[in-house]
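First the structure, in the form of structure tokens, and then the observations on it.
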Amino acid sequence: MRRVIITGAQGQLGKRLVQEAGRRDQWEVRAFGRDDLDITSQAAVDQAIEQWHPDVVINAAAYTAVDQAEEDRELAFAVNAIGPGFLASACAQNGANFIHVSTDYVFDGASNRPYLPKDPTNPVGVYGASKRLGEKAVSRGYNEVTSGSKHWIFRAAWLYDSTGKNFLTTMLRLAEKGQALRVVSDQLGAPTAAGPLACMLMDCAEKPDVLDAGIWHYGTVGPTSWFDFARAIFQLTGKDVEVNPCSTADYPTRAKRPAYSYLDPYPLMQKWSKEPVPWELQLKECLDERVEL
Ligand SMILES: NC(=O)c1ccc[n+]([C@@H]2O[C@H](COP(=O)([O-])OP(=O)(O)OC[C@H]3O[C@@H](n4cnc5c(N)ncnc54)[C@H](OP(=O)(O)O)[C@@H]3O)[C@@H](O)[C@H]2O)c1
């Protein structure tokens, strides 16, 4: 049996990781929610990894409240930057591989072509800045040569699932109110379901030789806008909701967001000899699975 520790196990991605790892025969899983393991405590992180000797640690813990982060700066940096650094160095010291998750919000959105992992970053808000610092802390905390183990950082965008709190469930909840909705149409990216991302992370855990260490972009074929994402949700669920486009300027938020944050999904999928999935298909699969639950 191989051993995997999943941190942030009660979150949207964390729950899917626990489910995905549990499905795979050869894995023994230790799932840590925030109450079991606070990743901002170096002592707790060291103890968890030293005691259980995992083959791999997957970090799904994060501070993800993008607007609130503008005020909770210190907490956002502690969870998204300092904690991942603790995890990475504990993994390196104990010979465990480490898988971390980051975000499209590390980019400023000024690009006119899909973002590649090596493109320069320039976050426009506190959340993105804290996640970018986390990427650096993970790379710094790791010494592959001396530890003999590897680390990977998977950037993903616009994560959703059929349960929990995310854009999909928010749209379905708002649809029940029977009112017309306005949704931003000038931010482009690609919606990504948490289940398939969890599957990719476990594939990487299982076959560590496939990918070089470092940053990879996971995503779907896009881009699209939040407006078109909302329209697809209502179309696929047969909900008759009036949705009107609005601009970012019409819908002010505390945190600035990149206008374009489409992550190029091809380089990663080529390594697995797979085609990336169109975002609409992934959404349909997520909704179909929801009906079956
Ligand atoms: N959500 C998105 O749209 C999105 C987009 C791109 C990338 N990502 C990235 O994808 C990853 C997974 O995100 P997600 O959507 O699953 O987020 P999520 O649902 O907010 O889950 C994050 C989990 O981390 C926990 N957590 C917070 N502080 C912690 C700490 N100090 N120690 C341990 N656990 C802690 C949270 O617990 P509490 O709920 O109790 O605070 C929560 O259960 C993150 O790295 C995120 O940055 C997300």
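By convention here, the chains of the structure tokens are called A, B, ... in the order presented, each chain's residues are numbered starting at 1, and ligands are numbered starting at 1 in the order presented.
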*asked:* Using only C-alpha atoms and all ligand atoms, which residues have at least one atom no more than 9 Å from ligand 1? Output them as an MDAnalysis selection string.
replied: chainID A and resid 7:16 32:41 59:65 75:76 78:80 83 100:105 127:128 131 154:161 164:167 191:192 194
*From a DSSP calculation on the backbone, collect every residue of range 152-183 of chain A in strand (DSSP E or B) and output the set as a PyMOL selection string.*
chain A and resi 152-156+159-160+181-183
*asked:* Taking only range 54-116 of chain A into account, list the residues labelled helix (DSSP H, G or I) by DSSP (computed from the backbone), as an MDAnalysis selection string.
replied: chainID A and resid 68:70 73:93 104:106
Could you pull the residues within 9 Å of range 281-291 of chain A, counting only C-alpha atoms, minus those fewer than 4 positions along the same chain, as a compact mmCIF listing (two decimals) with C-alpha atoms, in the first residue's frame?
```
# COMPACT_ATOMS: atom_id res chain seq x y z
CA ASP A 161 -18.61 21.19 -8.16
CA SER A 162 -22.20 20.03 -7.94
CA THR A 163 -22.19 20.59 -4.17
CA PRO A 191 -14.48 26.54 -15.63
CA THR A 192 -12.92 23.44 -14.08
CA ALA A 193 -14.76 20.74 -12.15
CA GLY A 195 -13.64 15.87 -9.56
CA PRO A 196 -11.52 15.64 -12.73
CA THR A 220 -10.52 22.57 -19.86
CA ALA A 232 -24.80 26.85 -20.03
CA ILE A 233 -25.74 25.92 -16.44
CA LEU A 236 -28.21 22.06 -19.18
CA THR A 237 -30.47 22.01 -16.12
CA VAL A 277 -12.04 18.19 -22.28
```
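Among the candidates A:Val57, A:Val66, A:Met202, A:Val45, the residue lying nearest to Arg24 in chain A is A:Met202 (atoms considered: only C-alpha atoms).
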_Point-to-point distance from CA of Pro223 in chain A to CA of Pro276 in chain A, Å rounded to tenths_ =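 Result for CA of Pro223 in chain A versus CA of Pro276 in chain A: 12.5 Å, one decimal.
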*Separation of CA of Arg132 in chain A from CA of Phe77 in chain A in Å*: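 Value for the CA of Phe77 in chain A-CA of Arg132 in chain A distance: 9.8 Å.
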*Any idea what the distance is between CA of Thr146 in chain A and CA of Lys207 in chain A?*
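Those two atoms sit 20.6 Å apart.
If you measure from each of A:Trp279, A:Trp27, A:Tyr262, A:Trp272 to Pro114 in chain A using only C-alpha atoms, the closest one turns out to be A:Tyr262.
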Name the residues in contact with Asp212 in chain A at a cut-off of 12 Å, using only C-alpha atoms, excluding same-chain residues fewer than 2 positions from it; report them as a JSON list (two decimals) with N, CA and C atoms, in the first residue's frame.
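New file around-v4.json:
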```json
[["chain", "number", "residue", "atom", "x", "y", "z"],
["A", 144, "GLU", "N", 15.00, 18.58, -4.41],
["A", 144, "GLU", "CA", 14.79, 17.25, -4.99],
["A", 144, "GLU", "C", 16.05, 16.40, -4.95],
["A", 149, "SER", "N", 12.81, 13.05, -3.60],
["A", 149, "SER", "CA", 11.37, 13.09, -3.90],
["A", 149, "SER", "C", 11.08, 14.33, -4.75],
["A", 150, "LYS", "N", 9.83, 14.43, -5.24],
["A", 150, "LYS", "CA", 9.51, 15.48, -6.22],
["A", 150, "LYS", "C", 8.36, 16.36, -5.73],
["A", 151, "HIS", "N", 8.28, 17.56, -6.29],
["A", 151, "HIS", "CA", 7.11, 18.39, -6.01],
["A", 151, "HIS", "C", 6.51, 18.90, -7.31],
["A", 152, "TRP", "N", 5.19, 19.08, -7.30],
["A", 152, "TRP", "CA", 4.49, 19.65, -8.46],
["A", 152, "TRP", "C", 3.49, 20.69, -7.96],
["A", 153, "ILE", "N", 3.30, 21.72, -8.77],
["A", 153, "ILE", "CA", 2.29, 22.74, -8.48],
["A", 153, "ILE", "C", 1.33, 22.76, -9.67],
["A", 154, "PHE", "N", 0.07, 22.48, -9.40],
["A", 154, "PHE", "CA", -0.95, 22.49, -10.46],
["A", 154, "PHE", "C", -1.78, 23.76, -10.33],
["A", 204, "CYS", "N", -1.09, 11.80, -10.88],
["A", 204, "CYS", "CA", 0.29, 12.28, -10.70],
["A", 204, "CYS", "C", 0.93, 11.61, -9.47],
["A", 207, "LYS", "N", 1.71, 8.01, -10.56],
["A", 207, "LYS", "CA", 2.77, 7.83, -11.57],
["A", 207, "LYS", "C", 3.69, 9.04, -11.57],
["A", 208, "PRO", "N", 4.54, 9.15, -10.56],
["A", 208, "PRO", "CA", 5.36, 10.36, -10.41],
["A", 208, "PRO", "C", 6.39, 10.56, -11.51],
["A", 209, "ASP", "N", 6.61, 9.53, -12.34],
["A", 209, "ASP", "CA", 7.62, 9.69, -13.39],
["A", 209, "ASP", "C", 7.08, 10.41, -14.63],
["A", 210, "VAL", "N", 5.77, 10.53, -14.75],
["A", 210, "VAL", "CA", 5.20, 11.11, -15.98],
["A", 210, "VAL", "C", 5.54, 12.60, -16.11],
["A", 214, "GLY", "N", 7.68, 20.77, -10.88],
["A", 214, "GLY", "CA", 7.48, 22.18, -11.23],
["A", 214, "GLY", "C", 6.02, 22.51, -11.46],
["A", 215, "ILE", "N", 5.78, 23.60, -12.19],
["A", 215, "ILE", "CA", 4.42, 24.13, -12.36],
["A", 215, "ILE", "C", 3.77, 23.58, -13.62],
["A", 216, "TRP", "N", 2.48, 23.18, -13.49],
["A", 216, "TRP", "CA", 1.69, 22.70, -14.62],
["A", 216, "TRP", "C", 0.33, 23.40, -14.61],
["A", 267, "PRO", "N", -0.20, 21.43, -22.74],
["A", 267, "PRO", "CA", 1.10, 20.80, -22.40],
["A", 267, "PRO", "C", 0.97, 19.68, -21.36],
["A", 268, "LEU", "N", 0.13, 19.90, -20.35],
["A", 268, "LEU", "CA", -0.03, 18.87, -19.31],
["A", 268, "LEU", "C", -0.70, 17.62, -19.90],
["A", 271, "LYS", "N", 1.37, 15.24, -21.96],
["A", 271, "LYS", "CA", 2.23, 14.33, -21.18],
["A", 271, "LYS", "C", 1.49, 13.04, -20.83]]
```
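Between Gln19 in chain A and the residues A:Ser185, A:Arg140, A:Cys199, A:His217, the shortest atom-to-atom distance, using only C-alpha atoms, involves A:Cys199.
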*Selected residue, from A:Arg257, A:Val243, A:Glu28, A:Asn97, that lies nearest to Gly178 in chain A when counting only C-alpha atoms*: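 The closest residue to Gly178 in chain A is A:Val243.
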